[in-house]
>>> print(open('data.txt').read())   # compact mmCIF, C-alpha atoms
# COMPACT_ATOMS: atom_id res chain seq x y z
CA MET O 1157 0.00 0.00 0.00
CA SER O 1158 1.34 3.45 -0.92
CA GLU O 1159 1.69 6.16 1.74
CA THR O 1160 -1.10 8.12 0.05
CA GLU O 1161 -3.44 5.12 0.21
CA GLU O 1162 -2.43 4.49 3.83
CA ILE O 1163 -3.40 7.94 5.07
CA ILE O 1164 -6.62 7.91 3.02
CA ARG O 1165 -7.54 4.59 4.61
CA LEU O 1166 -6.87 6.07 8.06
CA SER O 1167 -9.08 9.02 7.22
CA PHE O 1168 -11.85 7.00 5.55
CA LYS O 1169 -12.18 4.02 7.84
CA ASP O 1170 -15.08 2.58 5.78
CA LEU O 1171 -13.45 3.00 2.36
CA ASP O 1172 -12.48 -0.38 0.88
CA GLN O 1173 -10.35 0.74 -2.07
CA PRO O 1174 -8.46 4.07 -1.74
CA SER O 1175 -7.07 3.57 -5.23
CA SER O 1176 -10.60 3.81 -6.66
CA LEU O 1177 -10.95 7.49 -5.77
CA ASP O 1178 -11.29 9.92 -8.66
CA LEU O 1179 -8.15 12.10 -8.88
CA MET O 1180 -9.25 15.60 -9.94
CA ALA O 1181 -5.99 17.54 -9.62
CA HIS O 1182 -2.33 16.72 -8.98
CA ARG O 1183 0.58 19.02 -8.35
CA ILE O 1184 4.17 18.09 -7.57
CA HIS O 1185 7.11 20.37 -6.77
CA GLN O 1186 10.65 19.01 -6.94
CA ILE O 1187 13.74 21.22 -6.90
CA PRO O 1188 17.15 19.79 -5.90
CA GLY O 1189 18.11 20.96 -2.42
CA ALA O 1190 14.63 22.36 -1.69
CA VAL O 1191 11.60 21.01 0.12
CA GLN O 1192 9.68 18.53 -2.01
CA TYR O 1193 5.90 18.66 -1.83
CA GLU O 1194 2.93 17.10 -3.57
CA ILE O 1195 -0.79 17.89 -3.49
CA LYS O 1196 -3.42 15.40 -4.69
CA ARG O 1197 -7.05 16.43 -4.78
CA TYR O 1198 -9.68 13.68 -5.05
CA SER O 1199 -13.43 13.77 -5.43
CA ARG O 1200 -14.83 12.92 -2.02
CA PRO O 1201 -17.11 9.85 -1.96
CA ALA O 1202 -20.61 10.60 -0.73
CA ASN O 1203 -22.08 9.17 2.46
CA ILE O 1204 -18.76 7.96 3.90
CA LEU O 1205 -17.60 9.37 7.21
CA THR O 1206 -14.10 10.79 7.31
CA GLU O 1207 -11.67 12.20 9.86
CA ASP O 1208 -8.90 14.69 9.08
CA MET O 1209 -5.57 12.94 9.63
CA GLY O 1210 -1.86 13.70 9.80
CA MET O 1211 1.11 11.36 9.58
CA LEU O 1212 4.84 11.67 10.13
CA ALA O 1213 7.23 9.17 8.53
CA TYR O 1214 10.83 9.26 9.75
CA GLU O 1215 13.19 7.26 7.53
CA TYR O 1216 16.68 6.55 8.85
CA SER O 1217 19.44 4.27 7.59
CA SER O 1218 23.03 4.34 8.82
CA GLN O 1219 24.05 2.64 5.56
CA LYS O 1220 22.25 5.05 3.20
CA LEU O 1221 22.55 8.44 4.85
CA LYS O 1222 21.69 10.32 1.63
CA GLU O 1223 18.27 8.63 1.59
CA ASN O 1224 17.30 9.74 5.11
CA ASN O 1225 14.25 12.01 5.14
CA LEU O 1226 11.35 13.28 7.19
CA LYS O 1227 7.93 13.17 5.55
CA LEU O 1228 4.71 14.85 6.61
CA LYS O 1229 1.43 13.75 5.10
CA PHE O 1230 -2.02 15.21 5.73
CA CYS O 1231 -5.50 14.21 4.56
CA ILE O 1232 -8.16 16.92 4.78
CA ALA O 1233 -11.79 16.64 3.72
CA GLY O 1234 -14.50 19.23 3.25
CA ASN O 1235 -12.90 21.74 0.87
CA MET O 1236 -14.50 22.51 -2.47
CA TYR O 1237 -12.86 22.09 -5.88
CA CYS O 1238 -13.83 23.68 -9.19
CA SER O 1239 -12.11 22.62 -12.41
CA ARG O 1240 -13.10 25.77 -14.30
CA GLU O 1241 -10.24 28.22 -14.84
CA ASN O 1242 -10.87 31.75 -13.55
CA CYS O 1243 -14.25 30.81 -12.15
CA GLY O 1244 -15.81 34.05 -10.88
CA LYS O 1245 -17.48 32.60 -7.80
CA CYS O 1246 -14.60 30.38 -6.71
CA THR O 1247 -11.97 33.10 -7.00
CA VAL O 1248 -13.84 35.28 -4.52
CA GLY O 1249 -14.08 32.53 -1.91
CA LYS O 1250 -17.62 31.38 -2.69
CA ALA O 1251 -16.85 27.91 -4.04
CA ARG O 1252 -19.81 26.40 -2.20
CA GLU O 1253 -22.14 28.60 -4.24
CA CYS O 1254 -20.62 27.45 -7.54
CA GLU O 1255 -22.66 24.80 -9.35
CA ASP O 1256 -19.48 23.36 -10.89
CA SER O 1257 -17.60 22.83 -7.62
CA LYS O 1258 -17.35 19.47 -5.87
CA GLU O 1259 -16.51 18.46 -2.32
CA SER O 1260 -12.94 17.20 -2.23
CA LEU O 1261 -10.49 15.09 -0.30
CA ASP O 1262 -7.02 16.65 -0.26
CA VAL O 1263 -3.75 14.84 0.44
CA VAL O 1264 -0.71 17.06 1.09
CA SER O 1265 2.73 15.42 1.24
CA VAL O 1266 5.95 17.22 2.23
CA GLN O 1267 9.47 15.77 2.33
CA PHE O 1268 12.43 17.33 4.17
CA THR O 1269 16.03 16.15 3.76
CA PRO O 1270 18.74 16.30 6.47
CA ALA O 1271 20.53 19.03 4.50
CA HIS O 1272 17.43 21.21 4.51
CA LEU O 1273 16.61 20.59 8.17
CA SER O 1274 20.17 21.40 9.26
CA GLY O 1275 19.38 25.09 8.78
CA PHE O 1276 16.89 24.92 11.66
CA ILE O 1277 19.14 23.24 14.21
CA LYS O 1278 22.54 24.88 13.96
CA ASN O 1279 23.98 25.96 17.32
CA ARG O 1280 21.23 24.10 19.22
CA THR O 1281 22.16 21.84 22.13
CA SER O 1282 18.70 20.60 23.11
CA ASN O 1283 18.23 16.85 23.58
CA SER O 1284 14.46 16.87 23.02
CA PHE O 1285 12.89 14.17 20.88
CA SER O 1286 11.93 16.66 18.17
CA ASP O 1287 15.52 17.92 17.97
CA SER O 1288 16.83 14.36 17.67
CA LEU O 1289 14.58 13.94 14.61
CA LEU O 1290 15.69 17.18 12.99
CA LYS O 1291 19.34 16.17 13.54
CA PHE O 1292 18.65 12.58 12.40
CA LYS O 1293 20.10 11.27 15.66
CA HIS O 1294 17.15 8.95 16.23
CA LYS O 1295 18.41 5.61 14.92
CA VAL O 1296 15.12 3.86 14.14
CA SER O 1297 12.68 4.55 11.33
CA PHE O 1298 9.05 4.93 12.37
CA THR O 1299 5.64 6.22 11.32
CA ARG O 1300 3.11 7.85 13.62
CA THR O 1301 -0.17 9.67 13.29
CA LEU O 1302 -0.30 13.37 14.17
CA PRO O 1303 -2.91 15.43 15.96
CA LEU O 1304 -4.39 18.10 13.71
CA CYS O 1305 -4.95 21.29 15.67
CA CYS O 1306 -6.82 24.27 14.26
CA LYS O 1307 -3.53 26.03 13.43
CA THR O 1308 -2.29 23.08 11.35
CA LYS O 1309 -5.57 22.80 9.45
CA THR O 1310 -5.53 26.54 8.76
CA VAL O 1311 -2.02 26.31 7.29
CA ILE O 1312 -2.98 23.32 5.10
CA GLU O 1313 -6.15 25.00 3.87
CA GLY O 1314 -4.07 28.08 3.10
CA LEU O 1315 -1.85 25.93 0.88
CA LEU O 1316 -4.88 24.56 -0.94
CA GLU O 1317 -6.95 27.70 -1.36
CA HIS O 1318 -4.54 30.66 -1.67
CA SER O 1319 -4.81 33.11 -4.57
CA TYR O 1320 -1.08 33.68 -5.20
CA ASP O 1321 0.63 32.66 -8.43
CA GLY O 1322 4.09 32.78 -9.96
CA THR O 1323 6.89 33.94 -7.70
CA LEU O 1324 4.55 35.10 -4.94
CA GLU O 1325 3.06 31.62 -4.77
CA ASN O 1326 6.52 30.08 -4.33
CA ILE O 1327 7.36 32.49 -1.48
CA TYR O 1328 4.03 31.86 0.23
CA VAL O 1329 4.13 28.07 -0.11
CA ASN O 1330 7.69 27.76 1.26
CA ALA O 1331 6.72 29.78 4.32
CA GLN O 1332 3.62 27.63 4.89
CA LEU O 1333 5.60 24.39 4.59
CA GLN O 1334 8.03 25.60 7.24
CA MET O 1335 5.08 26.45 9.46
CA LEU O 1336 3.77 22.89 9.04
CA LEU O 1337 7.14 21.58 10.17
CA LEU O 1338 7.16 23.91 13.17
CA LEU O 1339 3.65 22.91 14.29
CA THR O 1340 4.47 19.22 13.87
CA MET O 1341 7.68 19.41 15.88
CA ASP O 1342 5.91 21.45 18.54
CA SER O 1343 3.28 18.72 18.91
CA MET O 1344 6.01 16.12 19.44
CA ALA O 1345 8.04 17.91 22.10
CA ASP O 1346 8.86 15.60 25.03
CA ASP O 1347 7.55 17.64 27.91
CA LYS O 1348 5.30 19.99 26.02
CA GLN O 1349 2.94 21.99 28.17
CA LEU O 1350 0.18 23.76 26.30
CA GLU O 1351 0.29 27.54 26.23
CA VAL O 1352 3.54 27.74 28.23
CA ILE O 1353 5.53 30.64 26.80
CA SER O 1354 8.96 31.65 28.03
CA CYS O 1355 8.52 35.22 26.69
CA LYS O 1356 5.86 36.46 29.08
CA PHE O 1357 4.82 39.36 26.86
CA LEU O 1358 3.61 36.84 24.26
CA SER O 1359 0.80 35.84 26.60
CA ASN O 1360 -0.79 39.01 25.23
CA GLU O 1361 -2.64 38.13 21.99
CA ALA O 1362 -1.98 41.59 20.59
CA ASP O 1363 1.78 41.06 20.87
CA LYS O 1364 1.50 37.62 19.27
CA ASP O 1365 -0.37 39.22 16.38
CA LYS O 1366 2.43 41.77 15.95
CA VAL O 1367 5.04 39.00 15.66
CA GLU O 1368 2.86 37.13 13.17
CA LYS O 1369 2.44 40.35 11.16
CA ALA O 1370 6.23 40.78 11.14
CA ARG O 1371 6.61 37.33 9.59
CA GLU O 1372 4.06 38.20 6.90
CA ILE O 1373 5.91 41.43 6.10
CA LEU O 1374 9.20 39.55 5.72
CA ILE O 1375 7.59 37.14 3.27
CA LYS O 1376 6.21 40.02 1.20
CA HIS O 1377 9.60 41.79 1.13
CA ILE O 1378 11.72 38.94 -0.25
CA GLY O 1379 13.05 41.21 -3.00
CA GLU O 1380 13.12 44.36 -0.89
CA PRO O 1381 15.49 43.87 2.07
CA ILE O 1382 14.11 45.34 5.27
CA THR O 1383 16.01 46.00 8.48
CA ILE O 1384 14.83 44.73 11.85
CA LYS O 1385 14.49 48.34 12.99
CA GLU O 1386 12.17 49.10 10.06
CA LEU O 1387 10.25 45.91 10.72
CA SER O 1388 9.76 46.77 14.39
CA ARG O 1389 8.38 50.17 13.41
CA LYS O 1390 5.93 48.63 10.94
CA VAL O 1391 4.45 46.35 13.60
CA ALA O 1392 4.78 48.89 16.44
CA MET O 1393 6.84 46.64 18.70
CA ASN O 1394 10.08 47.17 20.57
CA GLU O 1395 12.98 45.81 18.48
CA CYS O 1396 14.33 43.64 21.31
CA TYR O 1397 10.88 42.18 22.07
CA LEU O 1398 10.29 41.50 18.39
CA LYS O 1399 13.53 39.51 18.06
CA LYS O 1400 12.86 37.50 21.22
CA GLY O 1401 9.22 36.90 20.33
CA PHE O 1402 10.04 35.80 16.79
CA LYS O 1403 12.60 33.27 18.04
CA GLU O 1404 10.13 31.97 20.61
CA MET O 1405 7.25 31.55 18.17
CA TYR O 1406 9.10 30.30 15.10
CA GLY O 1407 12.26 28.66 16.44
CA THR O 1408 14.62 30.79 14.36
CA THR O 1409 15.98 34.32 14.26
CA ILE O 1410 14.43 36.99 12.03
CA PHE O 1411 17.63 37.12 9.96
CA ASP O 1412 17.88 33.35 9.47
CA PHE O 1413 14.19 33.07 8.57
CA TYR O 1414 14.50 35.86 6.02
CA GLN O 1415 17.66 34.43 4.49
CA ASN O 1416 16.17 30.94 4.25
CA GLN O 1417 13.07 32.30 2.52
CA ARG O 1418 15.20 34.25 0.04
CA MET O 1419 17.31 31.21 -0.82
CA GLU O 1420 14.27 28.96 -1.23
CA HIS O 1421 12.86 31.50 -3.66
CA ALA O 1422 16.23 31.77 -5.41
CA LYS O 1423 16.20 28.00 -6.04
CA TYR O 1424 12.77 28.35 -7.61
CA LEU O 1425 13.81 31.24 -9.86
CA LEU O 1426 17.01 29.51 -10.97
CA TYR O 1427 15.75 25.95 -11.38
CA GLU O 1428 12.14 26.29 -12.50
CA LYS O 1429 12.10 29.72 -14.11
CA GLY O 1430 15.57 29.37 -15.66
CA LEU O 1431 16.60 32.91 -14.76
CA SER O 1432 20.25 33.94 -14.76
CA VAL O 1433 22.27 34.37 -11.58
CA THR O 1434 22.48 38.09 -12.34
CA ASP O 1435 18.71 38.45 -12.68
CA VAL O 1436 18.00 36.49 -9.49
CA SER O 1437 20.52 38.44 -7.41
CA MET O 1438 18.90 41.70 -8.57
CA MET O 1439 15.34 40.44 -7.93
CA LEU O 1440 16.27 39.45 -4.38
CA GLY O 1441 17.83 42.82 -3.63
CA TYR O 1442 21.53 41.85 -3.46
CA SER O 1443 24.04 44.59 -4.14
CA SER O 1444 26.31 42.25 -6.10
CA ILE O 1445 26.36 38.80 -7.65
CA SER O 1446 29.23 37.74 -5.39
CA HIS O 1447 27.24 38.59 -2.24
CA PHE O 1448 24.31 36.57 -3.56
CA SER O 1449 26.51 33.60 -4.57
CA THR O 1450 28.20 33.54 -1.16
CA ALA O 1451 24.89 33.59 0.69
CA PHE O 1452 23.40 30.96 -1.62
CA LYS O 1453 26.29 28.53 -1.16
CA ARG O 1454 26.40 29.07 2.61
CA LEU O 1455 22.76 28.08 2.99
CA THR O 1456 22.36 25.47 0.23
CA GLY O 1457 25.84 23.97 -0.18
CA LEU O 1458 25.71 24.74 -3.92
CA LYS O 1459 26.81 27.62 -6.09
CA PRO O 1460 23.94 29.21 -8.05
CA CYS O 1461 25.55 28.18 -11.33
CA GLU O 1462 25.60 24.53 -10.15
CA LEU O 1463 21.83 24.58 -9.65
CA LEU O 1464 21.40 26.19 -13.06
CA PHE O 1465 23.47 23.40 -14.59
CA ALA O 1466 21.29 20.77 -12.90
CA SER O 1467 18.17 22.29 -14.44
CA LYS O 1468 19.41 21.79 -18.00
>>> encode(input="data.txt", output="structure tokens")
Amino acid sequence: MSETEEIIRLSFKDLDQPSSLDLMAHRIHQIPGAVQYEIKRYSRPANILTEDMGMLAYEYSSQKLKENNLKLKFCIAGNMYCSRENCGKCTVGKARECEDSKESLDVVSVQFTPAHLSGFIKNRTSNSFSDSLLKFKHKVSFTRTLPLCCKTKTVIEGLLEHSYDGTLENIYVNAQLQMLLLLTMDSMADDKQLEVISCKFLSNEADKDKVEKAREILIKHIGEPITIKELSRKVAMNECYLKKGFKEMYGTTIFDFYQNQRMEHAKYLLYEKGLSVTDVSMMLGYSSISHFSTAFKRLTGLKPCELLFASK
């Protein structure tokens, strides 16, 4: 049984043949050195009860280190799908009012490699279970189901229903995939206590919203570098609090998050769009090609020209 069929069977406990589902849409995204993801949208069978499900598959082999990976898979039911391009009702968020839309079953699969995950764990000394997975120190492969909280479902539905396209879509999707990883690791922390926050000011919902807004601004300014001081002014939060709050909520510094998002978008522009190194460095706001190439290699392990060569 494939992993897709396995999670569908978990979601639809009364469905005999997952392979018999009608596949309405399929999207796959594969760029060397980047996060791999796949979205399959099926027509949902009528009169069969379903439960939204998540699954984590950790694959480890001491003999085949290059094949180690961490996979997240989610099955969500209840969204609507319309096959018509530029459908007026669906594009304004009224898919349920469209006579051509159908209720769907969506399977989202995401695969992270050790090389990609290493960017989230540098300089960390924690021995938590989630950190051992990110560092691939856990020596046994396993699969486990995941609880789907409202935040996780909101992120997944955002992946399925967003209105971005082109380069903005790539920026948005990469940020959402990292958020899925964060929420999954958070749910697997050894001694996790709900709503325990080390930054006391984040117990205030208004301050949480400011940090979340800062993240959104960073994503929208991939090609327009913004300083932390400017960012703090935009969200009306003390610069020191913003840096501490961002690290607490997202597990990374503002600078590292921004750089990772820029490099993920650079991979997309180089590999899928076939743009030149010069064009990409200018689009991402670098003052010179050498600065861009240095940053790209530091975070990806490859020179931009090497990724360009791989795309040909």
>>> closest_atom_pairs(input="data.txt", of="region 1344-1446 of chain O", to="region 1313-1330 of chain O", cutoff="7 Å", atoms="all atoms listed in the file", output="JSON lines")
{"residue": "O:Ile1375", "atom": "CA", "partner": "O:Ile1327", "partner_atom": "CA", "distance": 6.7}
{"residue": "O:Gln1417", "atom": "CA", "partner": "O:Ile1327", "partner_atom": "CA", "distance": 7.0}
{"residue": "O:His1421", "atom": "CA", "partner": "O:Ile1327", "partner_atom": "CA", "distance": 6.0}
>>> residues_around(input="data.txt", residues="Leu1458 (chain O)", least_positions_apart="4", cutoff="12 Å", atoms="only C-alpha atoms", output="PyMOL selection string")
chain O and resi 1188-1190+1271+1419+1422-1423+1448-1454+1462-1466
>>> residues_around(input="data.txt", residues="Asn1224 (chain O)", least_positions_apart="5", cutoff="9 Å", atoms="all atoms listed in the file", output="list in words")
Tyr1214, Glu1215, Tyr1216, Ser1217, Ser1218, Thr1269, Pro1270 and Phe1292 of chain O
>>> closest_residue(input="data.txt", among="O:Ile1378, O:Cys1461, O:Thr1409, O:Lys1385", to="Gly1275 (chain O)", atoms="only C-alpha atoms")
O:Thr1409
>>> atom_distance(input="data.txt", atom1="CA of Phe1411 (chain O)", atom2="CA of Ser1265 (chain O)")
27.7 Å
>>> atom_distance(input="data.txt", atom1="CA of Val1263 (chain O)", atom2="CA of Leu1212 (chain O)")
13.3 Å
>>> atom_distance(input="data.txt", atom1="CA of Glu1223 (chain O)", atom2="CA of Leu1336 (chain O)")
21.7 Å
>>> residues_near_point(input="data.txt", point="(16.7, 44.8, -0.2)", cutoff="9 Å", atoms="only C-alpha atoms", output="ChimeraX atom specification")
/O:1377-1383,1439-1443
>>> closest_residue(input="data.txt", among="O:Asp1342, O:Glu1368, O:Glu1162, O:Glu1207", to="Phe1402 (chain O)", atoms="only C-alpha atoms")
O:Glu1368
>>> residues_around(input="data.txt", residues="Ala1392 (chain O)", least_positions_apart="2", cutoff="10 Å", atoms="all atoms listed in the file", output="number ranges by chain")
O: 1363, 1366-1367, 1370, 1386-1390, 1394-1395, 1398
>>> write_last_selection(input="data.txt", atoms="C-alpha atoms", output="compact mmCIF listing (two decimals), keeping the file's coordinate frame")
# COMPACT_ATOMS: atom_id res chain seq x y z
CA ASP O 1363 1.78 41.06 20.87
CA LYS O 1366 2.43 41.77 15.95
CA VAL O 1367 5.04 39.00 15.66
CA ALA O 1370 6.23 40.78 11.14
CA GLU O 1386 12.17 49.10 10.06
CA LEU O 1387 10.25 45.91 10.72
CA SER O 1388 9.76 46.77 14.39
CA ARG O 1389 8.38 50.17 13.41
CA LYS O 1390 5.93 48.63 10.94
CA ASN O 1394 10.08 47.17 20.57
CA GLU O 1395 12.98 45.81 18.48
CA LEU O 1398 10.29 41.50 18.39
>>> closest_residue(input="data.txt", among="O:Val1266, O:Val1436, O:Ile1373, O:Val1311", to="Leu1339 (chain O)", atoms="all atoms listed in the file")
O:Val1311
>>> residues_around(input="data.txt", residues="Ser1167 (chain O)", least_positions_apart="3", cutoff="8 Å", atoms="all atoms listed in the file", output="number ranges by chain")
O: 1163-1164, 1206-1209, 1231
>>> residues_near_point(input="data.txt", point="(12.9, 12.4, 17.8)", cutoff="12 Å", atoms="only C-alpha atoms", output="ChimeraX atom specification")
/O:1212-1216,1226,1282-1300,1340-1346
>>> residues_around(input="data.txt", residues="Ser1199 (chain O)", least_positions_apart="6", cutoff="9 Å", atoms="all atoms listed in the file", output="VMD selection string")
chain O and resid 1177 to 1180 1237 1258 to 1262
